[in-house]
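Peer 1: Provided below: run-v2.txt, containing compact mmCIF, C-alpha atoms.
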# COMPACT_ATOMS: atom_id res chain seq x y z
CA MET A 186 -35.07 -60.44 19.16
CA SER A 187 -35.31 -59.99 22.91
CA TYR A 188 -34.23 -63.48 23.83
CA VAL A 189 -31.59 -63.78 26.56
CA PHE A 190 -29.28 -66.76 26.16
CA GLN A 191 -28.61 -68.74 29.32
CA PHE A 192 -26.00 -71.37 28.81
CA GLY A 193 -25.50 -71.81 32.57
CA VAL A 194 -28.30 -74.35 32.70
CA VAL A 195 -26.52 -76.36 29.99
CA THR A 196 -23.25 -76.53 31.91
CA ASP A 197 -25.21 -77.55 35.03
CA ASN A 198 -26.64 -80.50 33.13
CA LEU A 199 -23.48 -81.33 31.23
CA PRO A 200 -22.94 -84.69 33.01
CA ARG A 201 -26.36 -85.89 31.85
CA LEU A 202 -25.69 -84.77 28.31
CA LEU A 203 -22.36 -86.57 28.36
CA SER A 204 -23.95 -89.76 29.68
CA GLY A 205 -26.30 -89.58 26.69
CA ALA A 206 -23.33 -89.04 24.40
CA LEU A 207 -21.69 -92.10 25.94
CA LEU A 208 -24.69 -94.25 25.05
CA THR A 209 -24.61 -92.81 21.52
CA ILE A 210 -20.96 -93.84 21.27
CA GLU A 211 -21.65 -97.30 22.72
CA LEU A 212 -24.56 -97.93 20.37
CA SER A 213 -22.57 -96.69 17.37
CA ALA A 214 -19.49 -98.73 18.22
CA LEU A 215 -21.48 -101.94 18.74
CA ALA A 216 -23.47 -101.29 15.57
CA MET A 217 -20.26 -100.77 13.61
CA VAL A 218 -18.87 -104.13 14.72
CA GLY A 219 -22.20 -105.89 14.17
CA GLY A 220 -22.96 -104.13 10.90
CA LEU A 221 -19.53 -104.79 9.46
CA SER A 222 -19.79 -108.51 10.38
CA VAL A 223 -23.20 -108.70 8.71
CA ALA A 224 -21.80 -106.87 5.69
CA ILE A 225 -18.80 -109.17 5.28
CA CYS A 226 -21.00 -112.29 5.45
CA CYS A 227 -23.58 -110.81 3.08
CA ALA A 228 -20.95 -109.59 0.62
CA PHE A 229 -19.35 -113.04 0.54
CA LEU A 230 -22.71 -114.76 0.03
CA LYS A 231 -23.81 -112.19 -2.54
CA LEU A 232 -20.78 -112.92 -4.67
CA TRP A 233 -20.33 -116.66 -4.16
CA GLY A 234 -23.47 -117.97 -2.44
CA PRO A 235 -26.09 -120.15 -4.12
CA ARG A 236 -28.49 -118.23 -6.34
CA PRO A 237 -31.53 -118.07 -3.97
CA VAL A 238 -29.29 -116.74 -1.17
CA ARG A 239 -27.97 -114.08 -3.52
CA TRP A 240 -31.50 -112.97 -4.30
CA ILE A 241 -32.41 -112.79 -0.64
CA ILE A 242 -29.37 -110.65 0.13
CA HIS A 243 -30.04 -108.44 -2.86
CA GLY A 244 -33.60 -107.98 -1.58
CA TYR A 245 -32.37 -107.16 1.93
CA VAL A 246 -29.91 -104.56 0.67
CA GLU A 247 -32.43 -102.90 -1.67
CA ALA A 248 -35.21 -102.93 0.93
CA ILE A 249 -33.06 -101.25 3.58
CA ARG A 250 -31.42 -98.77 1.25
CA ASN A 251 -34.72 -97.54 -0.14
CA THR A 252 -36.68 -97.05 3.08
CA PRO A 253 -36.10 -94.53 5.88
CA PHE A 254 -34.24 -95.56 9.03
CA LEU A 255 -37.08 -94.17 11.14
CA VAL A 256 -39.61 -96.51 9.53
CA GLN A 257 -37.23 -99.45 9.97
CA LEU A 258 -37.02 -98.62 13.66
CA PHE A 259 -40.80 -98.38 13.93
CA ILE A 260 -41.15 -101.80 12.34
CA ILE A 261 -38.62 -103.32 14.76
CA PHE A 262 -39.95 -101.59 17.85
CA PHE A 263 -43.71 -101.40 17.23
CA SER A 264 -44.50 -104.07 14.62
CA LEU A 265 -42.36 -106.99 15.77
CA PRO A 266 -44.08 -107.27 19.19
CA ALA A 267 -47.27 -108.14 17.26
CA ILE A 268 -45.58 -111.39 16.19
CA GLY A 269 -44.13 -111.98 19.64
CA VAL A 270 -40.66 -110.41 19.34
CA ARG A 271 -40.44 -107.84 22.12
CA LEU A 272 -37.28 -105.78 22.50
CA ASP A 273 -36.57 -102.90 24.86
CA ALA A 274 -35.78 -99.54 23.30
CA ASN A 275 -31.99 -99.79 23.45
CA HIS A 276 -31.87 -103.28 21.98
CA ALA A 277 -34.35 -102.34 19.27
CA ALA A 278 -32.20 -99.32 18.47
CA LEU A 279 -29.07 -101.43 18.26
CA LEU A 280 -30.77 -104.05 16.10
CA GLY A 281 -32.08 -101.31 13.80
CA MET A 282 -28.62 -99.78 13.47
CA VAL A 283 -26.98 -103.14 12.74
CA VAL A 284 -29.58 -104.06 10.12
CA ASN A 285 -29.34 -100.62 8.52
CA LEU A 286 -25.55 -100.40 8.48
CA GLY A 287 -25.29 -104.02 7.36
CA ALA A 288 -27.13 -103.25 4.12
CA TYR A 289 -25.12 -100.15 3.23
CA ALA A 290 -21.81 -101.74 4.19
CA THR A 291 -22.61 -104.89 2.18
CA GLU A 292 -22.52 -102.83 -1.02
CA ILE A 293 -19.33 -101.07 0.07
CA VAL A 294 -17.55 -104.32 1.01
CA ARG A 295 -18.73 -105.95 -2.22
CA ALA A 296 -17.17 -103.11 -4.20
CA GLY A 297 -13.96 -103.64 -2.22
CA ILE A 298 -13.91 -107.36 -2.96
CA GLU A 299 -14.45 -106.71 -6.65
CA SER A 300 -11.51 -104.30 -6.64
CA VAL A 301 -9.12 -107.13 -5.71
CA PRO A 302 -7.62 -108.49 -8.96
CA ARG A 303 -9.05 -111.86 -10.07
CA GLY A 304 -5.55 -113.24 -10.40
CA GLN A 305 -5.23 -113.27 -6.61
CA THR A 306 -8.28 -115.51 -6.25
CA GLU A 307 -7.04 -117.79 -8.99
CA ALA A 308 -3.59 -117.98 -7.44
CA GLY A 309 -5.10 -118.88 -4.08
CA ARG A 310 -7.30 -121.56 -5.63
CA ALA A 311 -4.32 -122.93 -7.50
CA LEU A 312 -2.54 -123.32 -4.15
CA GLY A 313 -5.41 -125.55 -3.04
CA LEU A 314 -7.10 -123.11 -0.70
CA SER A 315 -10.85 -123.42 -0.36
CA ARG A 316 -13.09 -120.55 -1.47
CA LEU A 317 -13.59 -119.52 2.15
CA GLN A 318 -9.86 -119.60 2.85
CA VAL A 319 -9.14 -117.51 -0.22
CA PHE A 320 -11.72 -115.02 0.99
CA ARG A 321 -10.45 -114.98 4.56
CA PHE A 322 -6.69 -114.92 3.97
CA ILE A 323 -6.23 -113.28 0.57
CA ILE A 324 -9.16 -111.08 -0.39
CA LEU A 325 -10.66 -109.67 2.78
CA PHE A 326 -7.80 -107.51 4.01
CA PRO A 327 -7.02 -105.61 0.78
CA ALA A 328 -10.77 -105.37 0.07
CA ILE A 329 -11.48 -103.63 3.38
CA LYS A 330 -8.41 -101.48 2.92
CA ALA A 331 -9.58 -100.32 -0.51
CA VAL A 332 -13.00 -99.21 0.75
CA PHE A 333 -12.00 -98.09 4.24
CA PRO A 334 -12.68 -94.37 3.61
CA ALA A 335 -16.19 -95.18 2.33
CA LEU A 336 -16.82 -97.44 5.33
CA ALA A 337 -15.59 -94.74 7.70
CA SER A 338 -17.98 -92.14 6.30
CA GLN A 339 -20.81 -94.67 6.44
CA PHE A 340 -19.98 -95.29 10.12
CA ILE A 341 -20.09 -91.56 10.84
CA LEU A 342 -23.42 -91.23 9.01
CA LEU A 343 -24.68 -94.06 11.22
CA MET A 344 -23.46 -92.32 14.38
CA LEU A 345 -25.26 -89.13 13.36
CA GLY A 346 -28.31 -91.13 12.29
CA SER A 347 -28.45 -92.70 15.74
CA SER A 348 -30.07 -89.45 16.95
CA ILE A 349 -33.22 -90.83 15.31
CA VAL A 350 -33.44 -93.71 17.79
CA SER A 351 -34.62 -91.13 20.34
CA ALA A 352 -37.97 -91.48 18.53
CA ILE A 353 -38.38 -94.95 20.07
CA SER A 354 -37.23 -93.61 23.48
CA ALA A 355 -33.69 -95.03 23.61
CA GLN A 356 -31.99 -92.69 26.09
CA GLU A 357 -29.08 -91.45 24.00
CA LEU A 358 -27.90 -87.88 23.49
CA THR A 359 -30.90 -86.63 21.53
CA ALA A 360 -33.45 -88.15 23.90
CA ILE A 361 -31.67 -86.72 26.96
CA THR A 362 -31.52 -83.34 25.24
CA ASN A 363 -35.25 -83.49 24.55
CA THR A 364 -35.99 -84.27 28.19
CA LEU A 365 -33.73 -81.50 29.45
CA GLN A 366 -35.05 -78.84 27.10
CA SER A 367 -38.65 -79.66 27.93
CA THR A 368 -38.04 -79.39 31.68
CA THR A 369 -35.93 -76.21 31.54
CA PHE A 370 -37.59 -74.42 28.56
CA ARG A 371 -34.14 -73.71 27.17
CA ALA A 372 -34.65 -75.38 23.80
CA PHE A 373 -32.16 -73.37 21.79
CA GLU A 374 -29.29 -73.68 24.27
CA PHE A 375 -29.67 -77.42 24.72
CA TYR A 376 -30.04 -78.23 21.03
CA PHE A 377 -27.08 -76.00 20.29
CA ALA A 378 -24.99 -77.83 22.90
CA ALA A 379 -26.08 -81.26 21.66
CA THR A 380 -25.30 -80.29 18.07
CA LEU A 381 -21.85 -79.22 19.19
CA ILE A 382 -21.32 -82.55 20.98
CA TYR A 383 -22.36 -84.44 17.83
CA LEU A 384 -19.95 -82.35 15.77
CA LEU A 385 -17.13 -83.14 18.20
CA MET A 386 -18.02 -86.84 18.16
CA ALA A 387 -18.05 -86.85 14.35
CA LEU A 388 -14.62 -85.21 14.29
CA GLY A 389 -13.40 -87.60 16.99
CA PHE A 390 -14.58 -90.65 15.06
CA ARG A 391 -12.99 -89.30 11.90
CA GLY A 392 -9.70 -88.91 13.74
CA ALA A 393 -10.02 -92.39 15.24
CA PHE A 394 -10.65 -93.93 11.83
CA ALA A 395 -7.67 -92.13 10.35
CA ALA A 396 -5.50 -93.43 13.21
CA PHE A 397 -6.92 -96.94 12.75
CA TYR A 398 -6.18 -96.83 9.03
CA TRP A 399 -2.64 -95.69 9.69
CA LEU A 400 -2.04 -98.35 12.33
CA VAL A 401 -3.60 -101.29 10.53
CA PHE A 402 -3.34 -100.63 6.80
CA ALA A 403 -0.80 -97.93 6.00
CA ARG A 404 2.11 -99.28 8.06
CA GLU A 405 1.80 -102.76 6.63
CA ARG A 406 2.68 -101.39 3.20
CA ARG A 407 6.06 -100.12 4.36
CA GLY A 408 6.86 -103.14 6.52
CA MET B 300 -63.64 -100.73 22.66
CA MET B 301 -64.01 -99.51 19.11
CA THR B 302 -61.02 -99.76 16.84
CA ARG B 303 -60.83 -99.39 13.11
CA ASP B 304 -59.16 -101.83 10.80
CA PHE B 305 -56.54 -100.69 8.35
CA GLY B 306 -58.90 -100.62 5.39
CA LEU B 307 -59.26 -98.72 2.15
CA SER B 308 -59.91 -95.28 3.64
CA GLU B 309 -56.86 -95.61 5.91
CA LEU B 310 -54.75 -96.70 2.96
CA LEU B 311 -55.99 -93.71 0.98
CA PHE B 312 -55.07 -91.39 3.86
CA VAL B 313 -51.55 -92.77 3.88
CA LEU B 314 -51.24 -92.52 0.09
CA GLY B 315 -52.58 -88.96 0.27
CA ALA B 316 -49.91 -88.07 2.82
CA MET B 317 -47.30 -89.18 0.29
CA ARG B 318 -47.85 -85.90 -1.53
CA TRP B 319 -46.40 -83.97 1.42
CA THR B 320 -43.33 -86.19 1.42
CA ILE B 321 -42.94 -85.61 -2.31
CA LEU B 322 -43.63 -81.88 -2.07
CA LEU B 323 -41.20 -81.36 0.82
CA SER B 324 -38.52 -83.36 -1.00
CA LEU B 325 -39.02 -81.38 -4.20
CA ILE B 326 -38.92 -77.99 -2.46
CA ALA B 327 -35.85 -78.91 -0.43
CA PHE B 328 -34.20 -80.32 -3.55
CA ALA B 329 -34.97 -77.28 -5.71
CA CYS B 330 -33.84 -74.73 -3.12
CA GLY B 331 -30.92 -76.99 -2.16
CA CYS B 332 -29.81 -77.07 -5.80
CA VAL B 333 -29.62 -73.28 -5.99
CA ILE B 334 -27.67 -72.88 -2.75
CA GLY B 335 -25.69 -76.06 -3.38
CA LEU B 336 -24.46 -74.79 -6.76
CA LEU B 337 -23.32 -71.59 -5.08
CA VAL B 338 -21.54 -73.59 -2.37
CA ALA B 339 -19.88 -75.87 -4.93
CA VAL B 340 -18.62 -72.94 -7.01
CA LEU B 341 -17.42 -70.99 -3.98
CA ARG B 342 -15.57 -74.11 -2.83
CA THR B 343 -13.46 -73.92 -5.98
CA VAL B 344 -12.85 -70.16 -6.36
CA PRO B 345 -9.27 -68.94 -6.13
CA PHE B 346 -10.00 -67.00 -2.93
CA ALA B 347 -9.18 -68.94 0.22
CA PRO B 348 -11.45 -67.30 2.88
CA LEU B 349 -14.56 -68.06 0.81
CA ARG B 350 -13.42 -71.64 0.37
CA TRP B 351 -12.87 -72.00 4.13
CA LEU B 352 -16.27 -70.54 4.86
CA MET B 353 -17.97 -73.03 2.55
CA THR B 354 -15.89 -75.92 3.90
CA GLY B 355 -17.04 -74.94 7.39
CA TYR B 356 -20.65 -74.88 6.28
CA ILE B 357 -20.39 -78.33 4.73
CA GLN B 358 -18.51 -79.76 7.72
CA LEU B 359 -21.12 -78.33 10.08
CA PHE B 360 -24.07 -79.81 8.22
CA GLN B 361 -22.44 -83.13 7.41
CA GLY B 362 -21.01 -83.47 10.92
CA THR B 363 -24.28 -83.02 12.82
CA PRO B 364 -27.50 -85.05 12.73
CA VAL B 365 -30.22 -83.70 10.47
CA LEU B 366 -32.62 -84.24 13.38
CA MET B 367 -30.66 -81.69 15.44
CA GLN B 368 -30.70 -79.25 12.53
CA LEU B 369 -34.45 -79.72 12.39
CA PHE B 370 -34.87 -79.17 16.13
CA ILE B 371 -32.80 -76.00 16.02
CA ALA B 372 -34.80 -74.72 13.05
CA PHE B 373 -38.11 -75.59 14.69
CA TYR B 374 -37.58 -74.77 18.38
CA GLY B 375 -34.73 -72.34 17.79
CA ILE B 376 -36.81 -70.05 15.57
CA ALA B 377 -39.67 -70.32 18.03
CA VAL B 378 -37.69 -69.16 21.05
CA LEU B 379 -35.42 -66.66 19.30
CA PHE B 380 -38.24 -64.76 17.67
CA GLY B 381 -40.91 -65.58 20.21
CA VAL B 382 -43.31 -66.96 17.61
CA GLN B 383 -44.53 -70.51 17.25
CA LEU B 384 -44.40 -71.18 13.54
CA SER B 385 -46.13 -74.00 11.76
CA PRO B 386 -43.68 -76.83 10.98
CA TRP B 387 -43.57 -75.91 7.26
CA PRO B 388 -40.96 -73.11 7.36
CA ALA B 389 -38.81 -75.02 9.84
CA VAL B 390 -38.70 -78.24 7.81
CA THR B 391 -38.21 -76.35 4.55
CA ILE B 392 -35.28 -74.36 5.93
CA ALA B 393 -33.70 -77.36 7.63
CA PHE B 394 -33.93 -79.72 4.67
CA THR B 395 -32.89 -77.03 2.18
CA LEU B 396 -29.69 -76.26 4.09
CA TYR B 397 -29.07 -79.99 4.56
CA ALA B 398 -29.55 -80.68 0.85
CA ALA B 399 -27.39 -77.70 -0.09
CA ALA B 400 -24.48 -78.96 2.03
CA PHE B 401 -24.56 -82.45 0.50
CA LEU B 402 -25.18 -81.29 -3.07
CA GLY B 403 -22.46 -78.66 -2.68
CA GLU B 404 -19.97 -81.33 -1.68
CA ILE B 405 -21.05 -83.74 -4.44
CA TRP B 406 -20.83 -81.06 -7.10
CA ARG B 407 -17.50 -79.73 -5.85
CA GLY B 408 -16.16 -83.22 -6.50
CA CYS B 409 -17.62 -83.13 -10.01
CA ILE B 410 -16.16 -79.70 -10.75
CA GLN B 411 -12.73 -80.76 -9.53
CA ALA B 412 -12.94 -83.98 -11.53
CA ILE B 413 -12.73 -81.94 -14.75
CA PRO B 414 -9.16 -82.31 -16.01
CA ARG B 415 -6.79 -79.40 -15.34
CA GLY B 416 -6.16 -79.05 -19.05
CA GLN B 417 -9.72 -77.82 -19.52
CA TRP B 418 -9.17 -75.01 -16.99
CA GLU B 419 -5.86 -74.08 -18.57
CA ALA B 420 -7.29 -74.15 -22.08
CA GLY B 421 -10.09 -71.85 -20.97
CA ARG B 422 -7.68 -69.42 -19.32
CA SER B 423 -5.44 -69.36 -22.37
CA LEU B 424 -8.49 -68.34 -24.39
CA ALA B 425 -8.69 -65.35 -22.00
CA LEU B 426 -12.03 -66.36 -20.54
CA ASN B 427 -12.73 -64.80 -17.16
CA TYR B 428 -13.55 -67.07 -14.22
CA ALA B 429 -17.34 -66.81 -14.59
CA ASP B 430 -17.29 -67.56 -18.33
CA LEU B 431 -14.80 -70.35 -17.82
CA LEU B 432 -17.16 -72.01 -15.35
CA ARG B 433 -20.26 -71.34 -17.38
CA PHE B 434 -19.10 -72.42 -20.82
CA ILE B 435 -16.42 -75.01 -20.13
CA ILE B 436 -16.40 -76.50 -16.66
CA LEU B 437 -20.03 -76.65 -15.51
CA PRO B 438 -21.48 -78.26 -18.67
CA GLN B 439 -18.95 -81.09 -18.34
CA ALA B 440 -19.33 -81.34 -14.57
CA PHE B 441 -23.10 -81.48 -15.00
CA ARG B 442 -22.79 -84.69 -16.98
CA ILE B 443 -20.92 -86.58 -14.26
CA ALA B 444 -23.04 -84.98 -11.53
CA ILE B 445 -26.38 -86.42 -12.66
CA ALA B 446 -25.99 -89.94 -11.24
CA PRO B 447 -24.84 -88.99 -7.71
CA THR B 448 -27.44 -86.20 -7.61
CA VAL B 449 -30.25 -88.65 -8.34
CA GLY B 450 -28.73 -90.90 -5.67
CA PHE B 451 -28.85 -88.04 -3.19
CA MET B 452 -32.54 -87.50 -3.96
CA VAL B 453 -33.18 -90.96 -2.52
CA GLN B 454 -31.33 -89.94 0.65
CA LEU B 455 -33.36 -86.73 0.82
CA ILE B 456 -36.74 -88.46 0.40
CA LYS B 457 -35.84 -90.91 3.16
CA GLY B 458 -34.54 -88.05 5.28
CA THR B 459 -37.84 -86.18 5.17
CA SER B 460 -39.34 -88.98 7.29
CA ILE B 461 -37.60 -87.32 10.24
CA ALA B 462 -39.97 -84.36 9.92
CA ALA B 463 -42.57 -86.68 11.46
CA ILE B 464 -40.75 -86.34 14.80
CA ILE B 465 -41.68 -82.64 15.07
CA GLY B 466 -45.25 -83.41 14.00
CA PHE B 467 -45.05 -82.45 10.34
CA ILE B 468 -47.66 -84.59 8.61
CA GLU B 469 -46.07 -86.58 5.81
CA LEU B 470 -45.90 -90.27 5.04
CA THR B 471 -44.30 -91.48 8.29
CA ARG B 472 -46.44 -89.23 10.49
CA ALA B 473 -49.54 -90.43 8.64
CA GLY B 474 -48.43 -93.96 9.47
CA GLN B 475 -48.10 -93.10 13.16
CA LEU B 476 -51.57 -91.57 13.14
CA MET B 477 -53.01 -94.66 11.48
CA VAL B 478 -51.32 -96.91 14.04
CA ASN B 479 -52.93 -94.82 16.77
CA VAL B 480 -56.43 -95.41 15.41
CA THR B 481 -56.06 -98.99 14.19
CA PHE B 482 -53.57 -100.52 16.67
CA GLN B 483 -52.16 -102.53 13.78
CA PRO B 484 -48.46 -101.54 13.52
CA MET B 485 -47.72 -104.93 11.95
CA ILE B 486 -49.70 -103.85 8.88
CA VAL B 487 -49.30 -100.08 8.84
CA TYR B 488 -45.51 -99.66 9.10
CA PRO B 489 -44.68 -102.23 6.42
CA VAL B 490 -47.19 -100.43 4.17
CA ILE B 491 -45.39 -97.14 4.89
CA ALA B 492 -42.07 -98.81 4.11
CA CYS B 493 -43.52 -100.04 0.80
CA CYS B 494 -44.63 -96.50 -0.06
CA TYR B 495 -41.10 -95.18 0.48
CA PHE B 496 -39.71 -98.10 -1.48
CA ALA B 497 -42.03 -97.27 -4.37
CA LEU B 498 -40.72 -93.68 -4.35
CA CYS B 499 -37.03 -94.42 -3.85
CA TRP B 500 -36.33 -97.63 -5.70
CA PRO B 501 -36.97 -96.29 -9.22
CA LEU B 502 -34.61 -93.40 -8.46
CA SER B 503 -31.95 -95.79 -7.13
CA VAL B 504 -32.16 -97.92 -10.26
CA LEU B 505 -32.05 -94.81 -12.45
CA SER B 506 -29.00 -93.55 -10.60
CA GLN B 507 -27.18 -96.88 -11.07
CA ARG B 508 -28.06 -97.00 -14.77
CA LEU B 509 -26.81 -93.44 -15.31
CA GLU B 510 -23.62 -94.23 -13.46
CA LYS B 511 -22.95 -97.24 -15.68
CA ARG B 512 -23.69 -95.26 -18.83
CA ILE B 513 -21.38 -92.44 -17.85
CA ASP B 514 -18.65 -94.89 -16.85
CA ALA B 515 -18.99 -96.51 -20.27
CA GLY B 516 -18.89 -93.07 -21.90
CA LEU B 517 -15.74 -92.10 -20.05
CA THR B 518 -13.88 -95.30 -20.93
CA GLN B 519 -14.93 -94.83 -24.53
CA ASN B 520 -13.51 -91.32 -24.55
CA ALA B 521 -10.34 -92.51 -22.88
CA SER B 522 -9.76 -95.23 -25.45
CA VAL B 523 -10.20 -92.87 -28.42
Mind turning the file's structure into structure tokens?
Peer 2:
Amino acid sequence: MSYVFQFGVVTDNLPRLLSGALLTIELSALAMVGGLSVAICCAFLKLWGPRPVRWIIHGYVEAIRNTPFLVQLFIIFFSLPAIGVRLDANHAALLGMVVNLGAYATEIVRAGIESVPRGQTEAGRALGLSRLQVFRFIILFPAIKAVFPALASQFILLMLGSSIVSAISAQELTAITNTLQSTTFRAFEFYFAATLIYLLMALGFRGAFAAFYWLVFARERRG
Amino acid sequence: MMTRDFGLSELLFVLGAMRWTILLSLIAFACGCVIGLLVAVLRTVPFAPLRWLMTGYIQLFQGTPVLMQLFIAFYGIAVLFGVQLSPWPAVTIAFTLYAAAFLGEIWRGCIQAIPRGQWEAGRSLALNYADLLRFIILPQAFRIAIAPTVGFMVQLIKGTSIAAIIGFIELTRAGQLMVNVTFQPMIVYPVIACCYFALCWPLSVLSQRLEKRIDAGLTQNASV
């Protein structure tokens, strides 16, 4: 092993790496909001929607959960233009992430909803609330609370999985790292640095979710 | 300009490439099982530094993208040792370590899910730690580990698609190659997705069935 490490070139390019990391964070954050919204709608419809809608949602969830994210991205980015839907790389990446997270989170949210005792639904209905109102005001909050840890790890998996969107040339951390390593020939140093940044982001997100849980869910119990 | 249609021979090429996806998944799973079992056991030994080491390993591999692990294995080995390897060793090493980290964490949960009384009963019979694990804890942990392990296999099969990015020819890469010759991504990529679905869906269903059966078994035991 006669290789000489040169991390100087990494620190020189740190601003570019961080700009990539920023896009990774932006994409992940938007996809979390979008994916969770999709998941809440789908979970509601999967439990109480008309039968054909339930089947469609079941099909969506199974199709996404049993195919690779990379192939989903290829379909969105390369196949959809053939039927006239043309998205740029960043939008395709975001759409892919929302669709992907939506399917996984649907199952998680559904499990959360089912963990809320039936008596609560019945009590709400007895008070004359509509099904949607019961869902919105009685079930949703404790359901999300019950599955929050699972949702948080799914979000972090999504953030890490977003490195794959570099394959359709969205300019996030992995794509920037690829460009930098191929122009400087310092593959090991750059990948090492990018891996470290991902690790820090994963830890950061985990901390943020813990703080969010404490602020939104844990305090309400004492109050 | 001459282009080919996505016909029978192209479909056969894609189906043929499925064997590399399956083979890579099986190798990574088999090697990952061996290392993962070691990780899971070391995560529960009564010796803190070993536990910390294994926790670090799991955190590192679960906290970084598998694509980065793959790049480091592929380009890292190339520059550190000055040899350009074929993708095979790189993808095998990367996916094995990835599988080991996840399986280690899943199985640690299963080992720790065994009631304390079982550990204490084993100790009071004067079994040493290895025998206690081998005869009492692991056989019971194995039973609850089957369903999540099958579930992880689905994740691993899907994960191997990433090997396409470094040019390893498996199902996804075969799809890319076919798109390049046919210019019909609207047909090829959905076909690729169907191939993965055909591999993964039976495992997903199996995993859910096993989970239900074990849940039923546990409630039965509890009610006795």
Peer 1: Between CA of Ile242 (chain A) and CA of Val223 (chain A), what is the distance in Å, rounded to a tenth?
Peer 2: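 Computing it gives 10.7 Å between the two atoms.
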Peer 1: If you count all atoms listed in the file, which residues fall within 8 Å of Gly287 (chain A), apart from same-chain ones fewer than 6 positions away, as a tab-separated table (two decimals) with C-alpha atoms, in the frame of the given file?
Peer 2:
chain	number	residue	atom	x	y	z
A	219	GLY	CA	-22.20	-105.89	14.17
A	220	GLY	CA	-22.96	-104.13	10.90
A	221	LEU	CA	-19.53	-104.79	9.46
A	222	SER	CA	-19.79	-108.51	10.38
A	223	VAL	CA	-23.20	-108.70	8.71
A	224	ALA	CA	-21.80	-106.87	5.69
Peer 1: For a quick check of understanding, using only C-alpha atoms, which of B:Leu432, B:Ile371, B:Leu314, B:Leu359 has the smallest distance to Phe375 (chain A)?
Peer 2: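 Under the stated criterion, the closest residue is B:Ile371.
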Peer 1: Could you check which of B:Ile443, B:Val382, B:Ala497, B:Ala463 is closest to Leu476 (chain B), using only C-alpha atoms?
Peer 2: B:Ala463
Peer 1: With 8 Å as the limit and counting all atoms listed in the file, what residues in chain B lie close to chain A? Please list them as a PyMOL selection string.
Peer 2: chain B and resi 359+362-368+370-371+374-375+378-381+453+457-458+460-461+464+471+483-486+488-489+491-493+495-496+499-500+503
Peer 1: Give the answer as one residue: which of A:Ile361, A:Gly304, A:Phe390, A:Cys226 has the shortest atom-to-atom distance to Leu325 (chain A), using only C-alpha atoms?
Peer 2: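 Answer, going by the shortest atom-to-atom distance: A:Cys226.
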Peer 1: Given the choices A:Ser213, A:Asn198, A:Ser315, A:Ser354, which gets closest to Met282 (chain A) if the distance is worked out from only C-alpha atoms?
Peer 2: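 Smallest separation from Met282 (chain A) among the options: A:Ser213.
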Peer 1: Show me the residues around (-45.9, -90.7, 2.6) - criterion: an atom at most 6 Å away, only C-alpha atoms counted - as a list in words.
Peer 2: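 Taken together, the residues in range are Ala316, Met317, Thr320, Glu469, Leu470 and Thr471 of chain B.
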Peer 1: Write out as a list of chain:residue names the residues lying within 7 Å of Gly335 (chain B), counting only C-alpha atoms and excluding same-chain residues fewer than 5 positions away.
Peer 2: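 Near neighbours after the sequence-gap exclusion: B:Ala399, B:Ala400, B:Leu402, B:Gly403.
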Peer 1: To one decimal place in Å, what is the distance between CA of Val218 (chain A) and CA of Gly281 (chain A)?
Peer 2: 13.5 Å
Peer 1: Could you work out how far CA of Pro447 (chain B) lies from CA of Ile329 (chain A), giving the answer in Å with one decimal?
Peer 2: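 One can read the CA of Ile329 (chain A) to CA of Pro447 (chain B) distance as 22.7 Å.
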